[in-house]
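Colleague: Supplied structure: target.txt, compact mmCIF, C-alpha atoms.
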# COMPACT_ATOMS: atom_id res chain seq x y z
CA MET A 1 43.71 52.93 107.07
CA THR A 2 45.60 51.93 103.97
CA GLN A 3 47.42 48.64 104.10
CA ASP A 4 51.05 48.66 103.07
CA THR A 5 51.34 46.37 100.09
CA GLY A 6 54.16 45.73 97.68
CA LEU A 7 52.04 47.07 94.85
CA GLU A 8 51.60 50.43 96.60
CA VAL A 9 55.31 50.67 97.21
CA GLN A 10 55.94 49.88 93.56
CA GLU A 11 53.45 52.53 92.48
CA VAL A 12 55.12 55.28 94.46
CA VAL A 13 58.60 54.08 93.56
CA ASP A 14 57.60 54.55 89.92
CA TYR A 15 57.12 58.29 90.51
CA VAL A 16 60.84 58.75 91.00
CA GLU A 17 63.13 57.03 88.55
CA ASP A 18 66.88 56.99 88.01
CA GLU A 19 66.56 59.41 85.12
CA ALA A 20 64.73 62.02 87.21
CA LEU A 21 67.34 61.76 89.97
CA ALA A 22 70.15 62.06 87.41
CA GLN A 23 68.54 65.19 85.94
CA ILE A 24 68.27 66.83 89.36
CA VAL A 25 71.86 65.97 90.24
CA ASP A 26 73.06 67.23 86.85
CA GLN A 27 71.16 70.51 87.27
CA MET A 28 72.65 71.00 90.73
CA TRP A 29 76.13 70.20 89.47
CA GLN A 30 75.84 72.67 86.59
CA SER A 31 74.53 75.38 88.93
CA TYR A 32 77.04 75.06 91.76
CA PHE A 33 79.95 72.90 90.57
CA GLY A 34 80.39 74.15 87.02
CA HIS A 35 83.87 75.44 87.86
CA VAL A 36 85.27 72.03 88.83
CA GLU A 37 85.60 68.62 87.22
CA PRO A 38 82.35 67.09 86.02
CA LEU A 39 80.59 64.35 87.92
CA LEU A 40 80.99 61.18 85.87
CA PRO A 41 78.05 58.77 86.08
CA ALA A 42 79.06 55.13 86.54
CA LEU A 43 77.78 52.45 84.20
CA GLU A 44 77.16 50.07 87.10
CA PRO A 45 76.36 50.52 90.82
CA HIS A 46 79.46 51.05 92.93
CA GLU A 47 79.76 50.79 96.67
CA VAL A 48 81.36 53.85 98.25
CA PRO A 49 84.38 52.55 100.16
CA ALA A 50 84.49 53.17 103.92
CA PRO A 51 84.93 55.39 105.79
CA VAL A 52 81.96 57.36 104.45
CA LEU A 53 79.95 60.45 105.21
CA CYS A 54 76.23 60.27 104.55
CA ALA A 55 73.97 63.32 104.28
CA SER A 56 70.26 62.64 104.30
CA VAL A 57 66.95 64.47 104.32
CA GLY A 58 63.62 62.89 105.11
CA ILE A 59 60.35 63.43 103.27
CA SER A 60 57.20 63.08 105.36
CA GLY A 61 53.68 62.57 104.12
CA ALA A 62 51.53 59.72 102.87
CA ARG A 63 54.59 58.01 101.42
CA PRO A 64 57.66 58.86 103.50
CA GLY A 65 61.05 58.88 101.90
CA LEU A 66 64.72 59.46 102.49
CA VAL A 67 67.17 61.10 100.10
CA THR A 68 70.80 60.30 100.78
CA VAL A 69 74.17 61.42 99.49
CA LEU A 70 76.99 59.04 100.30
CA VAL A 71 80.58 60.12 99.75
CA GLU A 72 84.01 58.86 100.72
CA LYS A 73 85.00 60.67 103.89
CA GLY A 74 88.33 61.61 102.34
CA ALA A 75 86.60 63.33 99.42
CA ALA A 76 83.91 65.11 101.43
CA ALA A 77 86.10 68.12 102.24
CA SER A 78 87.02 68.57 98.57
CA LEU A 79 83.37 68.41 97.58
CA ALA A 80 82.46 70.98 100.24
CA ALA A 81 85.33 73.23 99.21
CA ALA A 82 84.13 73.07 95.61
CA LEU A 83 80.62 74.09 96.63
CA LEU A 84 81.93 76.91 98.81
CA GLN A 85 84.60 77.84 96.25
CA GLU A 86 87.14 78.04 99.06
CA ASP A 87 90.75 76.89 98.88
CA GLY A 88 91.53 76.94 102.59
CA GLU A 89 90.98 74.17 105.10
CA LEU A 90 87.36 73.72 106.09
CA THR A 91 85.98 72.84 109.50
CA ASP A 92 83.97 69.65 109.96
CA GLU A 93 80.94 71.90 110.42
CA ASP A 94 81.51 73.46 107.00
CA VAL A 95 81.82 70.03 105.39
CA TYR A 96 78.66 68.74 107.09
CA ASP A 97 76.79 71.91 106.12
CA ALA A 98 77.80 71.65 102.47
CA LEU A 99 76.93 67.95 102.20
CA GLY A 100 73.65 68.58 103.97
CA GLU A 101 72.78 71.32 101.50
CA ILE A 102 73.48 68.99 98.57
CA ALA A 103 71.08 66.46 100.09
CA ASN A 104 68.58 69.24 100.78
CA ILE A 105 68.59 70.49 97.19
CA ILE A 106 68.10 66.99 95.78
CA GLY A 107 65.53 66.13 98.43
CA GLY A 108 63.38 69.17 97.76
CA ASN A 109 63.24 68.48 94.06
CA ILE A 110 62.52 64.78 94.62
CA LYS A 111 59.71 65.70 97.03
CA ALA A 112 58.02 67.62 94.23
CA LEU A 113 57.73 64.34 92.29
CA VAL A 114 56.13 62.37 95.14
CA PRO A 115 52.34 62.57 95.38
CA ASP A 116 50.88 63.78 98.68
CA ALA A 117 54.32 64.58 100.05
CA GLY A 118 54.46 66.43 103.36
CA ALA A 119 57.41 68.34 104.74
CA LEU A 120 61.08 68.13 103.92
CA GLY A 121 63.20 67.48 106.98
CA LEU A 122 66.40 69.25 107.90
CA PRO A 123 69.61 67.59 106.70
CA ALA A 124 71.32 65.04 108.94
CA ILE A 125 74.90 63.82 108.69
CA ALA A 126 76.22 60.41 109.74
CA GLU A 127 79.48 58.53 109.38
CA ALA A 128 77.64 55.46 108.16
CA PRO A 129 75.48 54.38 105.23
CA PRO A 130 71.78 55.32 105.44
CA LEU A 131 69.23 53.36 107.43
CA PRO A 132 65.98 53.68 105.49
CA ARG A 133 62.61 52.57 106.87
CA SER A 134 62.09 48.84 106.87
CA ASN A 135 59.18 49.10 104.39
CA SER A 136 60.97 51.39 101.96
CA ARG A 137 62.55 50.58 98.64
CA CYS A 138 65.30 52.13 96.62
CA ALA A 139 63.33 54.17 94.09
CA ALA A 140 66.25 55.75 92.30
CA ARG A 141 70.01 55.55 92.50
CA MET A 142 72.88 57.33 90.83
CA ASP A 143 76.47 56.25 91.25
CA ALA A 144 79.07 58.68 90.05
CA ASN A 145 82.75 59.40 90.23
CA TRP A 146 84.32 62.75 90.97
CA GLN A 147 88.06 63.27 91.06
CA GLY A 148 88.56 59.53 91.46
CA HIS A 149 86.14 59.26 94.38
CA TRP A 150 82.75 57.56 94.43
CA VAL A 151 79.61 59.52 95.23
CA THR A 152 76.23 57.81 95.44
CA PHE A 153 72.79 59.43 95.50
CA ILE A 154 69.87 57.24 96.60
CA VAL A 155 66.15 57.93 96.97
CA TRP A 156 64.25 55.58 99.29
CA LEU A 157 60.45 55.64 99.30
CA SER A 158 57.82 53.84 101.35
CA GLY A 159 54.42 52.68 100.24
CA THR A 160 52.45 54.25 103.08
CA GLY A 161 53.07 56.39 106.12
CA ALA A 162 53.43 55.11 109.64
CA MET B 1 71.19 98.27 97.25
CA LYS B 2 71.26 96.00 100.25
CA ALA B 3 70.02 92.41 100.57
CA LEU B 4 69.42 90.18 103.57
CA VAL B 5 70.23 86.53 102.83
CA VAL B 6 68.36 84.14 105.13
CA ASP B 7 69.38 80.48 104.96
CA ASP B 8 70.46 77.96 107.57
CA SER B 9 73.19 76.62 105.30
CA ARG B 10 76.40 78.64 105.37
CA ALA B 11 77.29 77.20 101.98
CA MET B 12 74.04 78.41 100.46
CA ARG B 13 74.32 81.82 102.14
CA LYS B 14 77.76 82.17 100.59
CA ILE B 15 76.48 81.17 97.13
CA ILE B 16 73.49 83.52 97.24
CA ALA B 17 75.40 86.43 98.79
CA GLY B 18 78.20 85.96 96.26
CA ALA B 19 75.75 86.06 93.37
CA LEU B 20 74.05 89.16 94.75
CA ARG B 21 77.37 90.95 95.25
CA LYS B 22 78.26 90.20 91.61
CA LEU B 23 75.01 91.97 90.71
CA GLY B 24 75.97 95.00 92.78
CA TYR B 25 74.35 94.31 96.14
CA GLU B 26 75.72 94.75 99.63
CA THR B 27 74.68 91.75 101.70
CA VAL B 28 74.00 90.81 105.29
CA GLU B 29 73.20 87.27 106.43
CA ALA B 30 70.99 85.46 108.90
CA ALA B 31 70.82 81.73 109.68
CA ASP B 32 67.07 81.52 110.39
CA GLY B 33 63.90 83.58 110.46
CA ALA B 34 64.30 84.75 114.05
CA GLU B 35 67.84 85.98 113.42
CA ALA B 36 66.60 87.71 110.27
CA LEU B 37 63.90 89.55 112.23
CA LYS B 38 66.61 90.83 114.59
CA VAL B 39 68.65 92.08 111.63
CA LEU B 40 65.59 93.95 110.35
CA GLN B 41 64.93 95.43 113.78
CA GLU B 42 68.49 96.70 114.02
CA GLY B 43 68.15 98.32 110.58
CA PRO B 44 68.64 99.87 108.16
CA LEU B 45 65.94 98.08 106.16
CA PRO B 46 67.35 96.34 103.07
CA GLU B 47 65.58 96.51 99.73
CA LEU B 48 65.54 92.71 99.36
CA ALA B 49 65.42 89.58 101.50
CA THR B 50 66.11 86.14 100.03
CA VAL B 51 64.53 83.55 102.28
CA ASP B 52 64.95 79.78 102.54
CA TRP B 53 61.87 77.77 103.52
CA ASN B 54 63.14 74.97 105.75
CA MET B 55 65.19 76.35 108.63
CA PRO B 56 65.44 75.57 112.36
CA VAL B 57 64.15 78.02 115.00
CA MET B 58 61.90 79.93 112.57
CA ASP B 59 61.12 78.75 109.05
CA GLY B 60 60.90 80.99 106.02
CA LEU B 61 57.13 80.98 105.70
CA THR B 62 56.71 82.09 109.31
CA PHE B 63 59.30 84.81 108.74
CA VAL B 64 57.45 86.09 105.67
CA THR B 65 54.14 86.10 107.55
CA GLN B 66 55.65 88.01 110.48
CA VAL B 67 57.39 90.54 108.25
CA ARG B 68 54.21 91.22 106.32
CA ALA B 69 52.40 91.97 109.60
CA ILE B 70 54.79 94.85 110.32
CA ARG B 71 53.88 98.06 108.51
CA GLU B 72 57.42 99.49 108.65
CA TYR B 73 58.69 96.59 106.55
CA ARG B 74 56.25 97.04 103.67
CA SER B 75 58.94 98.25 101.31
CA LEU B 76 60.99 95.08 101.78
CA SER B 77 60.81 92.79 98.74
CA ILE B 78 60.96 89.11 99.61
CA MET B 79 62.18 86.35 97.33
CA MET B 80 61.89 82.77 98.51
CA VAL B 81 64.99 80.80 97.50
CA THR B 82 64.28 77.22 98.40
CA THR B 83 64.27 73.59 97.36
CA GLU B 84 60.50 73.43 97.92
CA ALA B 85 59.45 72.98 94.31
CA GLU B 86 55.75 72.05 94.44
CA HIS B 87 53.22 74.45 92.93
CA GLY B 88 51.22 74.44 96.17
CA GLN B 89 54.23 75.63 98.15
CA ILE B 90 54.86 78.45 95.70
CA VAL B 91 51.24 79.55 96.02
CA ARG B 92 51.49 79.45 99.84
CA ALA B 93 54.61 81.58 99.88
CA LEU B 94 53.22 84.17 97.49
CA ALA B 95 49.94 84.27 99.43
CA ALA B 96 51.91 84.88 102.64
CA GLY B 97 53.58 87.91 101.08
CA ALA B 98 56.64 86.78 99.15
CA HIS B 99 57.08 88.64 95.86
CA GLU B 100 59.12 86.09 93.94
CA TYR B 101 60.09 82.44 94.17
CA LEU B 102 63.35 80.84 93.04
CA ILE B 103 63.87 77.09 93.24
CA LYS B 104 67.28 75.64 94.14
CA PRO B 105 69.41 74.78 92.32
CA PHE B 106 69.50 78.10 90.49
CA THR B 107 71.91 79.93 88.24
CA VAL B 108 73.05 83.52 88.67
CA GLU B 109 71.17 84.28 85.45
CA ALA B 110 67.93 82.96 86.95
CA LEU B 111 68.46 85.10 90.05
CA GLU B 112 69.14 88.12 87.84
CA GLU B 113 65.90 87.50 85.92
CA LYS B 114 63.87 87.38 89.12
CA LEU B 115 65.47 90.59 90.37
CA ALA B 116 64.70 92.27 87.07
CA LEU B 117 61.05 91.24 87.43
CA LEU B 118 61.05 92.93 90.84
CA GLY B 119 62.77 96.02 89.47
CA LEU B 120 65.60 95.36 91.90
CA LEU B 121 68.64 95.13 89.65
CA PRO B 122 71.21 97.69 90.70
CA GLU B 123 72.12 100.00 87.82
CA VAL B 124 75.83 99.30 88.09
CA THR B 125 76.80 95.64 88.31
CA ALA B 126 80.28 94.44 89.13
What is this structure when it is put down as structure tokens?

Modeller:
Amino acid sequence: MTQDTGLEVQEVVDYVEDEALAQIVDQMWQSYFGHVEPLLPALEPHEVPAPVLCASVGISGARPGLVTVLVEKGAAASLAAALLQEDGELTDEDVYDALGEIANIIGGNIKALVPDAGALGLPAIAEAPPLPRSNSRCAARMDANWQGHWVTFIVWLSGTGA
Amino acid sequence: MKALVVDDSRAMRKIIAGALRKLGYETVEAADGAEALKVLQEGPLPELATVDWNMPVMDGLTFVTQVRAIREYRSLSIMMVTTEAEHGQIVRALAAGAHEYLIKPFTVEALEEKLALLGLLPEVTA
């Protein structure tokens, strides 16, 4: 059985860098949000002010991970409406579905960068920041602003599986 | 032409169905593989099915495998439309019987290219 060491975590973290995450987010934005205001990357990390909605998808395999999208709760409906291209009021279910799909798209493309990755989990939504595994590290992070609201994308990766 | 859009995300079903309608398709939707099988059983058989991989109840790969085991559905072209981007996953899906593979996020132009490869672009597009 492989021992979980800091070096192994660092090695796998190196597979996914901020630039790769930013490229995936940019590609998704161009594909599905090209009709609305651009997502503006922040120069420095920014905490998303509470209350928040967090969409996450897990990556199983030799080096488990978690891909999260954190958005201000007040902006989540606007983001979902932009993805759906709908002007009317959305249900909570619609908002959760849209945020989950954003996390799913980013998660699937991140999984392709992780060696020996297993399955991609189904999206989960919480009204709280993510709770990554205790042995995981933030491998990549992108803070951005959209319509005056903060949106943060984070990839957490672990050195070895459970 | 008619297409069955299979994805557990309503947002993604709307995006894919919208793109297909722009290209001249009529669309029906299903939220997972099991629901999609029911749609096929009820008929009529569409020319195309776009299928997500990761779905509850029945995933896309299982759906493809089950469809390919049914002789009456042989004319159905299947395109995986999924976030699963690894080469190995693409090979698995094609080996199971999918005809094309489109990775999310995708543009309408990319979808159009894949349909052209399948010879499934309606002659008149909206």

Colleague: Would you work out the distance separating CA of Leu115 in chain B from CA of Val25 in chain A, expressed in Å to one decimal?

Modeller: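 Distance between the two atoms: 25.4 Å.
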
Colleague: Have a look at CA of Leu20 in chain B and CA of His87 in chain B and let me know their distance in Å, one decimal.

Modeller: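 Between CA of Leu20 in chain B and CA of His87 in chain B the gap is 25.6 Å.
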
Colleague: If the cut-off is 12 Å, can you tell me the residues of chain A near chain B, counting only C-alpha atoms? I'd like them as number ranges by chain.

Modeller: A: 23-34, 57, 59, 79-86, 90-91, 93-123

Colleague: Between B:Ile16, B:Ile90, B:Ala69, B:Val28, which has the minimum distance to Gly43 in chain B (counting all atoms listed in the file)?

Modeller: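 Among B:Ile16, B:Ile90, B:Ala69, B:Val28, it is B:Val28 that comes nearest to Gly43 in chain B.
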
Colleague: Set the distance at 12 Å and use only C-alpha atoms: which residues neighbour Ile70 in chain B once local chain neighbours fewer than 4 positions away are removed? I'd like the list as a list in words.

Modeller: Leu37, Leu40, Gln41, Phe63, Val64, Thr65, Gln66, Arg74, Ser75, Leu76 and Gly97 of chain B

Colleague: What gap, in Å, lies between CA of Pro38 in chain A and CA of His149 in chain A?

Modeller: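 Going from CA of Pro38 in chain A over to CA of His149 in chain A covers 12.1 Å.
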
Colleague: With distances taken over only C-alpha atoms, which of B:Tyr101, B:Leu94, B:Pro122, B:Gly24 is nearest to Arg68 in chain B?

Modeller: B:Leu94

Colleague: With distances taken over all atoms listed in the file, which of B:Leu121, B:Leu45, B:Leu111, B:Glu35 is nearest to Gly18 in chain B?

Modeller: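 Looking only at the distances to Gly18 in chain B, the closest residue turns out to be B:Leu111.
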
Colleague: Pick out the residues sitting within 10 Å of Leu120 in chain B, and hand them over as a ChimeraX atom specification; count all atoms listed in the file, and ignore anything fewer than 5 positions along from it in its own chain.

Modeller: /B:1,25,47-48,77,112-115
